Structures are given as structure tokens and as C-alpha cells.
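So this one's query.txt, compact mmCIF, N, CA and C atoms:
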# COMPACT_ATOMS: atom_id res chain seq x y z
N MET A 1 -6.81 63.43 -2.79
CA MET A 1 -6.68 62.40 -3.79
C MET A 1 -7.97 61.58 -3.81
N VAL A 2 -8.51 61.37 -4.94
CA VAL A 2 -9.70 60.54 -5.10
C VAL A 2 -9.23 59.14 -5.48
N ASP A 3 -9.59 58.16 -4.67
CA ASP A 3 -9.17 56.79 -4.89
C ASP A 3 -9.88 56.16 -6.07
N SER A 4 -11.14 56.51 -6.28
CA SER A 4 -11.92 55.90 -7.35
C SER A 4 -12.64 57.00 -8.12
N VAL A 5 -12.47 57.05 -9.42
CA VAL A 5 -13.12 58.08 -10.21
C VAL A 5 -14.43 57.60 -10.82
N ARG A 6 -14.75 56.36 -10.63
CA ARG A 6 -16.02 55.81 -11.15
C ARG A 6 -16.71 55.07 -10.03
N GLY A 7 -18.00 55.19 -10.00
CA GLY A 7 -18.81 54.48 -9.02
C GLY A 7 -20.03 53.93 -9.69
N PRO A 8 -20.98 53.45 -8.90
CA PRO A 8 -22.19 52.88 -9.49
C PRO A 8 -22.93 53.83 -10.43
N ASP A 9 -22.86 55.13 -10.14
CA ASP A 9 -23.54 56.10 -10.99
C ASP A 9 -22.63 56.65 -12.08
N CYS A 10 -21.40 56.13 -12.17
CA CYS A 10 -20.42 56.58 -13.15
C CYS A 10 -20.20 58.08 -13.09
N HIS A 11 -20.03 58.59 -11.88
CA HIS A 11 -19.72 60.01 -11.72
C HIS A 11 -18.39 60.32 -12.39
N SER A 12 -18.27 61.53 -12.88
CA SER A 12 -17.00 61.97 -13.42
C SER A 12 -16.04 62.26 -12.27
N ALA A 13 -14.76 62.36 -12.59
CA ALA A 13 -13.77 62.70 -11.57
C ALA A 13 -14.11 64.05 -10.95
N ARG A 14 -14.58 64.99 -11.74
CA ARG A 14 -14.92 66.32 -11.22
C ARG A 14 -16.07 66.24 -10.21
N GLU A 15 -17.09 65.44 -10.52
CA GLU A 15 -18.22 65.28 -9.58
C GLU A 15 -17.75 64.66 -8.27
N LEU A 16 -16.87 63.66 -8.36
CA LEU A 16 -16.35 63.06 -7.13
C LEU A 16 -15.46 64.05 -6.38
N ASP A 17 -14.71 64.87 -7.10
CA ASP A 17 -13.90 65.90 -6.44
C ASP A 17 -14.79 66.86 -5.64
N GLU A 18 -15.95 67.21 -6.19
CA GLU A 18 -16.87 68.09 -5.47
C GLU A 18 -17.41 67.42 -4.21
N VAL A 19 -17.76 66.14 -4.30
CA VAL A 19 -18.21 65.39 -3.12
C VAL A 19 -17.07 65.31 -2.11
N LEU A 20 -15.88 64.99 -2.57
CA LEU A 20 -14.72 64.90 -1.69
C LEU A 20 -14.51 66.21 -0.94
N ALA A 21 -14.54 67.33 -1.66
CA ALA A 21 -14.35 68.63 -1.02
C ALA A 21 -15.41 68.89 0.05
N GLU A 22 -16.66 68.55 -0.24
CA GLU A 22 -17.73 68.75 0.73
C GLU A 22 -17.51 67.89 1.98
N LEU A 23 -17.13 66.65 1.80
CA LEU A 23 -16.97 65.76 2.94
C LEU A 23 -15.70 66.07 3.74
N VAL A 24 -14.65 66.53 3.08
CA VAL A 24 -13.45 66.95 3.81
C VAL A 24 -13.79 68.06 4.78
N ARG A 25 -14.68 68.97 4.39
CA ARG A 25 -15.10 70.06 5.27
C ARG A 25 -15.83 69.54 6.51
N ARG A 26 -16.35 68.32 6.48
CA ARG A 26 -17.12 67.75 7.58
C ARG A 26 -16.31 66.83 8.47
N GLU A 27 -15.09 66.54 8.10
CA GLU A 27 -14.24 65.63 8.87
C GLU A 27 -13.17 66.42 9.62
N PRO A 28 -12.75 65.95 10.78
CA PRO A 28 -13.25 64.78 11.47
C PRO A 28 -14.63 65.05 12.06
N ILE A 29 -15.48 64.04 11.93
CA ILE A 29 -16.85 64.20 12.42
C ILE A 29 -16.84 64.49 13.91
N PHE A 30 -17.80 65.28 14.32
CA PHE A 30 -18.04 65.66 15.72
C PHE A 30 -16.95 66.57 16.29
N HIS A 31 -15.97 66.96 15.47
CA HIS A 31 -14.99 67.96 15.87
C HIS A 31 -15.27 69.28 15.15
N ARG A 32 -16.23 69.29 14.28
CA ARG A 32 -16.59 70.48 13.51
C ARG A 32 -17.84 71.10 14.14
N ARG A 33 -17.62 71.96 15.09
CA ARG A 33 -18.74 72.52 15.84
C ARG A 33 -19.66 73.40 15.00
N GLU A 34 -19.20 73.82 13.83
CA GLU A 34 -20.06 74.64 12.98
C GLU A 34 -21.26 73.84 12.46
N TYR A 35 -21.22 72.51 12.58
CA TYR A 35 -22.37 71.69 12.18
C TYR A 35 -23.31 71.45 13.36
N GLY A 36 -23.01 72.07 14.49
CA GLY A 36 -23.90 72.03 15.64
C GLY A 36 -23.41 71.16 16.77
N THR A 37 -23.91 71.47 17.97
CA THR A 37 -23.52 70.72 19.17
C THR A 37 -24.74 70.26 19.97
N ALA A 38 -25.93 70.51 19.46
CA ALA A 38 -27.15 70.11 20.17
C ALA A 38 -27.61 68.73 19.70
N ARG A 39 -28.45 68.11 20.49
CA ARG A 39 -28.98 66.78 20.15
C ARG A 39 -29.64 66.79 18.76
N ASP A 40 -30.41 67.82 18.45
CA ASP A 40 -31.05 67.91 17.13
C ASP A 40 -30.01 67.92 16.00
N ASP A 41 -28.90 68.61 16.21
CA ASP A 41 -27.83 68.64 15.20
C ASP A 41 -27.25 67.25 15.00
N PHE A 42 -26.99 66.56 16.10
CA PHE A 42 -26.45 65.21 16.04
C PHE A 42 -27.40 64.27 15.31
N GLU A 43 -28.67 64.38 15.61
CA GLU A 43 -29.66 63.53 14.95
C GLU A 43 -29.78 63.85 13.46
N ARG A 44 -29.61 65.12 13.11
CA ARG A 44 -29.64 65.50 11.70
C ARG A 44 -28.42 64.95 10.96
N LEU A 45 -27.27 64.91 11.63
CA LEU A 45 -26.02 64.46 11.01
C LEU A 45 -25.91 62.94 10.89
N THR A 46 -26.56 62.22 11.79
CA THR A 46 -26.37 60.77 11.84
C THR A 46 -27.66 60.03 11.48
N ASP A 47 -27.50 58.93 10.80
CA ASP A 47 -28.61 58.04 10.50
C ASP A 47 -29.07 57.37 11.80
N PRO A 48 -30.37 57.07 11.95
CA PRO A 48 -30.83 56.39 13.17
C PRO A 48 -30.09 55.08 13.44
N SER A 49 -29.55 54.43 12.41
CA SER A 49 -28.83 53.18 12.61
C SER A 49 -27.31 53.39 12.79
N PHE A 50 -26.87 54.64 12.92
CA PHE A 50 -25.45 54.96 13.07
C PHE A 50 -24.82 54.15 14.21
N TRP A 51 -23.59 53.70 13.96
CA TRP A 51 -22.77 53.08 14.99
C TRP A 51 -21.32 53.36 14.67
N GLU A 52 -20.47 53.14 15.67
CA GLU A 52 -19.07 53.48 15.53
C GLU A 52 -18.21 52.39 16.14
N ILE A 53 -17.07 52.15 15.51
CA ILE A 53 -16.02 51.34 16.12
C ILE A 53 -14.92 52.32 16.50
N GLY A 54 -14.70 52.47 17.79
CA GLY A 54 -13.70 53.42 18.27
C GLY A 54 -12.29 52.92 18.04
N ALA A 55 -11.33 53.82 18.23
CA ALA A 55 -9.92 53.47 18.07
C ALA A 55 -9.52 52.36 19.04
N SER A 56 -10.27 52.20 20.12
CA SER A 56 -10.02 51.14 21.09
C SER A 56 -10.48 49.78 20.58
N GLY A 57 -11.29 49.78 19.52
CA GLY A 57 -11.87 48.55 19.01
C GLY A 57 -13.26 48.28 19.56
N ARG A 58 -13.70 49.10 20.51
CA ARG A 58 -15.03 48.94 21.08
C ARG A 58 -16.09 49.42 20.09
N ILE A 59 -17.27 48.81 20.16
CA ILE A 59 -18.40 49.21 19.33
C ILE A 59 -19.29 50.11 20.16
N TYR A 60 -19.68 51.24 19.56
CA TYR A 60 -20.50 52.24 20.25
C TYR A 60 -21.78 52.49 19.48
N SER A 61 -22.88 52.53 20.21
CA SER A 61 -24.18 52.85 19.62
C SER A 61 -24.29 54.35 19.38
N ARG A 62 -25.26 54.71 18.60
CA ARG A 62 -25.55 56.12 18.35
C ARG A 62 -25.82 56.85 19.67
N GLU A 63 -26.60 56.24 20.54
CA GLU A 63 -26.93 56.87 21.82
C GLU A 63 -25.69 57.07 22.69
N HIS A 64 -24.81 56.09 22.71
CA HIS A 64 -23.58 56.23 23.50
C HIS A 64 -22.71 57.37 22.96
N VAL A 65 -22.55 57.41 21.64
CA VAL A 65 -21.75 58.48 21.03
C VAL A 65 -22.34 59.83 21.39
N TRP A 66 -23.67 59.97 21.30
CA TRP A 66 -24.29 61.24 21.67
C TRP A 66 -24.00 61.59 23.12
N SER A 67 -24.08 60.61 24.02
CA SER A 67 -23.84 60.86 25.44
C SER A 67 -22.43 61.41 25.67
N VAL A 68 -21.44 60.82 25.01
CA VAL A 68 -20.06 61.29 25.14
C VAL A 68 -19.92 62.70 24.58
N LEU A 69 -20.51 62.93 23.41
CA LEU A 69 -20.43 64.27 22.81
C LEU A 69 -21.14 65.31 23.65
N ASP A 70 -22.30 64.97 24.19
CA ASP A 70 -23.05 65.91 25.02
C ASP A 70 -22.21 66.31 26.23
N ASP A 71 -21.56 65.35 26.87
CA ASP A 71 -20.68 65.66 28.00
C ASP A 71 -19.54 66.58 27.56
N ARG A 72 -18.95 66.29 26.40
CA ARG A 72 -17.85 67.11 25.90
C ARG A 72 -18.32 68.54 25.64
N TYR A 73 -19.44 68.68 24.95
CA TYR A 73 -19.93 70.01 24.60
C TYR A 73 -20.33 70.81 25.84
N LEU A 74 -20.93 70.14 26.83
CA LEU A 74 -21.35 70.83 28.06
C LEU A 74 -20.15 71.25 28.91
N SER A 75 -19.11 70.41 28.94
CA SER A 75 -17.95 70.72 29.79
C SER A 75 -17.03 71.75 29.15
N ASP A 76 -17.14 71.94 27.84
CA ASP A 76 -16.24 72.87 27.14
C ASP A 76 -16.95 73.55 25.98
N PRO A 77 -17.83 74.50 26.27
CA PRO A 77 -18.58 75.15 25.20
C PRO A 77 -17.70 75.87 24.17
N SER A 78 -16.48 76.24 24.54
CA SER A 78 -15.59 76.96 23.62
C SER A 78 -14.97 76.05 22.57
N GLY A 79 -14.93 74.75 22.83
CA GLY A 79 -14.36 73.82 21.87
C GLY A 79 -12.90 73.50 22.07
N ARG A 80 -12.28 73.99 23.12
CA ARG A 80 -10.85 73.74 23.32
C ARG A 80 -10.53 72.28 23.62
N LEU A 81 -11.47 71.54 24.20
CA LEU A 81 -11.20 70.13 24.52
C LEU A 81 -11.16 69.24 23.29
N ASP A 82 -11.52 69.76 22.14
CA ASP A 82 -11.47 68.94 20.93
C ASP A 82 -10.04 68.61 20.54
N GLY A 83 -9.07 69.25 21.18
CA GLY A 83 -7.67 68.93 20.95
C GLY A 83 -7.08 69.59 19.73
N ASP A 84 -5.79 69.37 19.60
CA ASP A 84 -5.02 69.89 18.47
C ASP A 84 -4.99 68.80 17.42
N TRP A 85 -5.80 68.94 16.36
CA TRP A 85 -5.90 67.88 15.36
C TRP A 85 -5.56 68.38 13.97
N GLU A 86 -5.13 67.40 13.17
CA GLU A 86 -4.87 67.69 11.75
C GLU A 86 -5.22 66.43 10.96
N THR A 87 -5.75 66.65 9.76
CA THR A 87 -6.16 65.54 8.90
C THR A 87 -5.31 65.53 7.64
N SER A 88 -5.20 64.35 7.02
CA SER A 88 -4.43 64.22 5.78
C SER A 88 -4.84 62.95 5.05
N GLY A 89 -4.41 62.85 3.79
CA GLY A 89 -4.56 61.63 3.02
C GLY A 89 -5.99 61.23 2.70
N PHE A 90 -6.85 62.19 2.45
CA PHE A 90 -8.25 61.86 2.16
C PHE A 90 -8.39 61.06 0.87
N GLU A 91 -9.22 60.04 0.94
CA GLU A 91 -9.59 59.25 -0.23
C GLU A 91 -11.09 59.02 -0.18
N LEU A 92 -11.69 58.92 -1.35
CA LEU A 92 -13.14 58.76 -1.42
C LEU A 92 -13.48 57.70 -2.45
N ARG A 93 -14.45 56.89 -2.10
CA ARG A 93 -14.94 55.87 -3.03
C ARG A 93 -16.47 55.83 -2.92
N GLU A 94 -17.13 55.89 -4.06
CA GLU A 94 -18.58 55.71 -4.07
C GLU A 94 -18.84 54.21 -4.06
N ILE A 95 -19.57 53.72 -3.05
CA ILE A 95 -19.77 52.28 -2.91
C ILE A 95 -21.19 51.86 -3.27
N ALA A 96 -22.10 52.80 -3.39
CA ALA A 96 -23.48 52.58 -3.83
C ALA A 96 -24.00 53.95 -4.25
N PRO A 97 -25.13 54.02 -4.93
CA PRO A 97 -25.64 55.34 -5.33
C PRO A 97 -25.76 56.29 -4.13
N ALA A 98 -25.11 57.45 -4.25
CA ALA A 98 -25.14 58.51 -3.23
C ALA A 98 -24.62 58.05 -1.88
N THR A 99 -23.79 57.00 -1.86
CA THR A 99 -23.20 56.48 -0.63
C THR A 99 -21.69 56.37 -0.83
N TYR A 100 -20.93 56.98 0.09
CA TYR A 100 -19.50 57.16 -0.09
C TYR A 100 -18.73 56.70 1.13
N LEU A 101 -17.60 56.08 0.88
CA LEU A 101 -16.67 55.71 1.93
C LEU A 101 -15.52 56.70 1.89
N MET A 102 -15.35 57.44 2.99
CA MET A 102 -14.28 58.42 3.12
C MET A 102 -13.21 57.81 4.02
N ARG A 103 -11.94 57.91 3.58
CA ARG A 103 -10.83 57.41 4.37
C ARG A 103 -9.79 58.51 4.51
N TYR A 104 -9.22 58.64 5.72
CA TYR A 104 -8.19 59.65 5.95
C TYR A 104 -7.42 59.32 7.21
N THR A 105 -6.38 60.09 7.47
CA THR A 105 -5.58 59.94 8.68
C THR A 105 -5.83 61.17 9.57
N LEU A 106 -5.97 60.91 10.86
CA LEU A 106 -6.18 61.97 11.84
C LEU A 106 -5.04 61.93 12.85
N ARG A 107 -4.42 63.08 13.06
CA ARG A 107 -3.46 63.25 14.14
C ARG A 107 -4.15 64.08 15.21
N LEU A 108 -4.31 63.52 16.37
CA LEU A 108 -4.99 64.21 17.47
C LEU A 108 -4.17 64.02 18.73
N ASP A 109 -3.61 65.11 19.23
CA ASP A 109 -2.82 65.09 20.46
C ASP A 109 -1.75 63.99 20.46
N GLY A 110 -1.01 63.86 19.36
CA GLY A 110 0.10 62.92 19.28
C GLY A 110 -0.26 61.51 18.87
N ARG A 111 -1.53 61.23 18.71
CA ARG A 111 -1.96 59.89 18.29
C ARG A 111 -2.44 59.95 16.85
N HIS A 112 -1.93 59.03 16.03
CA HIS A 112 -2.35 58.95 14.63
C HIS A 112 -3.33 57.79 14.48
N THR A 113 -4.47 58.08 13.85
CA THR A 113 -5.46 57.04 13.60
C THR A 113 -5.87 57.09 12.14
N ARG A 114 -6.19 55.92 11.61
CA ARG A 114 -6.79 55.84 10.29
C ARG A 114 -8.29 55.86 10.51
N ARG A 115 -9.00 56.73 9.80
CA ARG A 115 -10.44 56.91 9.98
C ARG A 115 -11.18 56.55 8.71
N THR A 116 -12.35 55.96 8.88
CA THR A 116 -13.26 55.75 7.77
C THR A 116 -14.65 56.18 8.22
N THR A 117 -15.33 56.88 7.33
CA THR A 117 -16.70 57.31 7.58
C THR A 117 -17.54 56.92 6.37
N LEU A 118 -18.67 56.34 6.63
CA LEU A 118 -19.61 55.99 5.58
C LEU A 118 -20.67 57.09 5.55
N TRP A 119 -20.72 57.82 4.43
CA TRP A 119 -21.62 58.95 4.24
C TRP A 119 -22.68 58.61 3.20
N GLN A 120 -23.88 59.17 3.39
CA GLN A 120 -24.92 59.02 2.38
C GLN A 120 -25.59 60.38 2.19
N GLN A 121 -25.79 60.73 0.93
CA GLN A 121 -26.48 61.98 0.62
C GLN A 121 -27.97 61.69 0.42
N ARG A 122 -28.79 62.45 1.17
CA ARG A 122 -30.24 62.28 1.09
C ARG A 122 -30.90 63.65 1.10
N ASP A 123 -31.77 63.88 0.16
CA ASP A 123 -32.53 65.12 0.12
C ASP A 123 -31.65 66.35 0.28
N GLY A 124 -30.48 66.34 -0.39
CA GLY A 124 -29.59 67.48 -0.37
C GLY A 124 -28.77 67.65 0.89
N ASP A 125 -28.84 66.70 1.81
CA ASP A 125 -28.06 66.77 3.05
C ASP A 125 -27.25 65.49 3.21
N TRP A 126 -26.32 65.49 4.15
CA TRP A 126 -25.44 64.35 4.38
C TRP A 126 -25.76 63.68 5.69
N LYS A 127 -25.75 62.35 5.68
CA LYS A 127 -25.96 61.53 6.88
C LYS A 127 -24.74 60.64 7.08
N ILE A 128 -24.33 60.49 8.32
CA ILE A 128 -23.25 59.58 8.67
C ILE A 128 -23.89 58.25 9.05
N LEU A 129 -23.51 57.18 8.36
CA LEU A 129 -24.05 55.86 8.63
C LEU A 129 -23.18 55.08 9.60
N HIS A 130 -21.86 55.26 9.49
CA HIS A 130 -20.91 54.48 10.28
C HIS A 130 -19.59 55.22 10.33
N HIS A 131 -18.85 55.00 11.41
CA HIS A 131 -17.52 55.60 11.54
C HIS A 131 -16.62 54.62 12.27
N GLN A 132 -15.33 54.61 11.88
CA GLN A 132 -14.36 53.76 12.56
C GLN A 132 -13.03 54.48 12.64
N GLY A 133 -12.35 54.31 13.76
CA GLY A 133 -11.00 54.81 13.95
C GLY A 133 -10.09 53.67 14.36
N THR A 134 -8.89 53.60 13.77
CA THR A 134 -7.92 52.56 14.10
C THR A 134 -6.59 53.22 14.38
N VAL A 135 -6.04 52.99 15.56
CA VAL A 135 -4.76 53.58 15.92
C VAL A 135 -3.66 52.99 15.04
N ILE A 136 -2.84 53.89 14.45
CA ILE A 136 -1.71 53.43 13.65
C ILE A 136 -0.38 53.87 14.24
N ALA A 137 -0.40 54.90 15.11
CA ALA A 137 0.86 55.33 15.76
C ALA A 137 0.51 56.23 16.94
N VAL A 138 1.34 56.10 17.98
CA VAL A 138 1.25 56.99 19.13
C VAL A 138 2.63 57.56 19.34
N HIS A 139 2.72 58.89 19.38
CA HIS A 139 4.00 59.56 19.57
C HIS A 139 4.01 60.23 20.93
N GLU A 140 5.05 59.97 21.68
CA GLU A 140 5.21 60.61 22.99
C GLU A 140 5.66 62.06 22.79
N SER A 141 5.10 62.95 23.59
CA SER A 141 5.49 64.36 23.52
C SER A 141 6.62 64.66 24.46
The structure given in the file should be rewritten as C-alpha cells.
Amino acid sequence: MVDSVRGPDCHSARELDEVLAELVRREPIFHRREYGTARDDFERLTDPSFWEIGASGRIYSREHVWSVLDDRYLSDPSGRLDGDWETSGFELREIAPATYLMRYTLRLDGRHTRRTTLWQQRDGDWKILHHQGTVIAVHES
């Protein structure tokens, strides 16, 4: 579902649907190993000013996020530690030219979080500017 069919550039609904489809393929960020697991991949995916607010409410720098991901990728090259996840309820809003706010729900190992990612398209590629996760439900197994 596209939340907003018009943005600063007055994109058509079809153009926003294409952006939405592209960004859905990239979420949840850092769980899509096809976009790479090396430091260079992370740097290509994230803006130098990237920061994150975790589901805990803590603020994390780009360097801290990379450190956690590097440990995850090194300890589990197969990707099994990424957990059993499912996404739903994607919404997209263009908030500035070529800059989009993506919102969705993530279920990961029994915990439901609302996620937002700020994406920007530059030179035909996508950069993550900011990410936030907020816990909305925890289900006991």
C-alpha cells in the first residue's frame, strides 16, 4: 500500500509503486545478505551520516551498527542467525526529492516492531540515511 501518491516531484502512483517495490526488496535492512556482508557493502548501502534508533530506544552510530553486523556475519556466514522474520504493511512517502520514508512491521522471532527507514536515491543507487525500530508486541512461544 502506498500511503502518499504525490510528493515534492509529483510522482505518479505508478512511479511510487516502482520505488516501493524496489525498497521492499531491501527491507528489512541488514537482513538481506544478497546486498553484501562486507564493510564495503555496508558503506555503499549507508550514508556516512547514517544513524539508528534501536527497538530498545538506544541511539546507534554507523560505526556501532557496522560492528554489530560484522560480528553477526563472522559468527554465522550461512545467515541462520538472522532469525525467522516476516514483513508486512509497507507504506511509502516521498518527503523530499528522491528521498523516501518507508514504514512497515517486522516480526522477528516472536517480537513485532514498527520500522521506519529513510532512503535516498543517488546516482542510480540507494542509500540508507536513518533507521528506527519500535517494539509494538512481544509474543511468548
Practice problem: Taking the chain letters and numbering used in this document, name the residues of chain A that DSSP puts in strand (DSSP E), as a ChimeraX atom specification. | Solution: /A:46-53,59-61,85-96,99-108,111-122,125-138
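Look at Tyr73 of chain A: the protein and nucleic acid residues within 12 Å of it, using only C-alpha atoms and passing over chain neighbours fewer than 2 places away, are Phe30, His31, Arg32, Arg33, Gly36, Thr37, Ala38, Arg39, Phe42, Trp66, Ser67, Val68, Leu69, Asp70, Asp71, Ser75, Asp76, Pro77, Ser78, Gly79, Arg80, Leu81 and Asp82 of chain A.
We find atom C of Trp85 of chain A and atom CA of Asp109 of chain A to be spaced 7.8 Å apart.
Minimum atom-to-atom distances from A:Leu92, A:Leu118, A:Ile128, A:Val138 to Asp17 of chain A were compared using only C-alpha atoms, and the lowest value belongs to A:Leu92.
For the set A:Ala55, A:Asp41, A:Pro28, A:Leu16, the residue with the smallest atom-to-atom gap to Leu106 of chain A is A:Pro28, counting all atoms listed in the file.
For the pair atom CA of Gly54 of chain A and atom CA of Pro97 of chain A, the interatomic distance is 26.5 Å.
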Practice problem: Can you list, as a VMD selection string, all residues belonging to chain A that DSSP tags as alpha helix (DSSP H)? | Solution: chain A and resid 13 to 24 39 to 45 62 to 75
Output requested as a compact mmCIF listing (two decimals), in the coordinates of the input - segment 79-98 of chain A, filled out with N, CA, C and O atoms.
# COMPACT_ATOMS: atom_id res chain seq x y z
N GLY A 79 -14.93 74.75 22.83
CA GLY A 79 -14.36 73.82 21.87
C GLY A 79 -12.90 73.50 22.07
O GLY A 79 -12.31 72.77 21.29
N ARG A 80 -12.28 73.99 23.12
CA ARG A 80 -10.85 73.74 23.32
C ARG A 80 -10.53 72.28 23.62
O ARG A 80 -9.44 71.82 23.33
N LEU A 81 -11.47 71.54 24.20
CA LEU A 81 -11.20 70.13 24.52
C LEU A 81 -11.16 69.24 23.29
O LEU A 81 -10.81 68.07 23.40
N ASP A 82 -11.52 69.76 22.14
CA ASP A 82 -11.47 68.94 20.93
C ASP A 82 -10.04 68.61 20.54
O ASP A 82 -9.80 67.78 19.69
N GLY A 83 -9.07 69.25 21.18
CA GLY A 83 -7.67 68.93 20.95
C GLY A 83 -7.08 69.59 19.73
O GLY A 83 -7.74 70.28 18.97
N ASP A 84 -5.79 69.37 19.60
CA ASP A 84 -5.02 69.89 18.47
C ASP A 84 -4.99 68.80 17.42
O ASP A 84 -4.28 67.81 17.56
N TRP A 85 -5.80 68.94 16.36
CA TRP A 85 -5.90 67.88 15.36
C TRP A 85 -5.56 68.38 13.97
O TRP A 85 -5.66 69.55 13.67
N GLU A 86 -5.13 67.40 13.17
CA GLU A 86 -4.87 67.69 11.75
C GLU A 86 -5.22 66.43 10.96
O GLU A 86 -5.05 65.31 11.43
N THR A 87 -5.75 66.65 9.76
CA THR A 87 -6.16 65.54 8.90
C THR A 87 -5.31 65.53 7.64
O THR A 87 -4.79 66.57 7.22
N SER A 88 -5.20 64.35 7.02
CA SER A 88 -4.43 64.22 5.78
C SER A 88 -4.84 62.95 5.05
O SER A 88 -5.51 62.08 5.61
N GLY A 89 -4.41 62.85 3.79
CA GLY A 89 -4.56 61.63 3.02
C GLY A 89 -5.99 61.23 2.70
O GLY A 89 -6.30 60.04 2.67
N PHE A 90 -6.85 62.19 2.45
CA PHE A 90 -8.25 61.86 2.16
C PHE A 90 -8.39 61.06 0.87
O PHE A 90 -7.77 61.40 -0.15
N GLU A 91 -9.22 60.04 0.94
CA GLU A 91 -9.59 59.25 -0.23
C GLU A 91 -11.09 59.02 -0.18
O GLU A 91 -11.66 58.93 0.91
N LEU A 92 -11.69 58.92 -1.35
CA LEU A 92 -13.14 58.76 -1.42
C LEU A 92 -13.48 57.70 -2.45
O LEU A 92 -12.88 57.65 -3.51
N ARG A 93 -14.45 56.89 -2.10
CA ARG A 93 -14.94 55.87 -3.03
C ARG A 93 -16.47 55.83 -2.92
O ARG A 93 -17.01 55.77 -1.82
N GLU A 94 -17.13 55.89 -4.06
CA GLU A 94 -18.58 55.71 -4.07
C GLU A 94 -18.84 54.21 -4.06
O GLU A 94 -18.39 53.49 -4.96
N ILE A 95 -19.57 53.72 -3.05
CA ILE A 95 -19.77 52.28 -2.91
C ILE A 95 -21.19 51.86 -3.27
O ILE A 95 -21.46 50.66 -3.42
N ALA A 96 -22.10 52.80 -3.39
CA ALA A 96 -23.48 52.58 -3.83
C ALA A 96 -24.00 53.95 -4.25
O ALA A 96 -23.38 54.97 -3.95
N PRO A 97 -25.13 54.02 -4.93
CA PRO A 97 -25.64 55.34 -5.33
C PRO A 97 -25.76 56.29 -4.13
O PRO A 97 -26.35 55.93 -3.11
N ALA A 98 -25.11 57.45 -4.25
CA ALA A 98 -25.14 58.51 -3.23
C ALA A 98 -24.62 58.05 -1.88
O ALA A 98 -24.91 58.64 -0.84
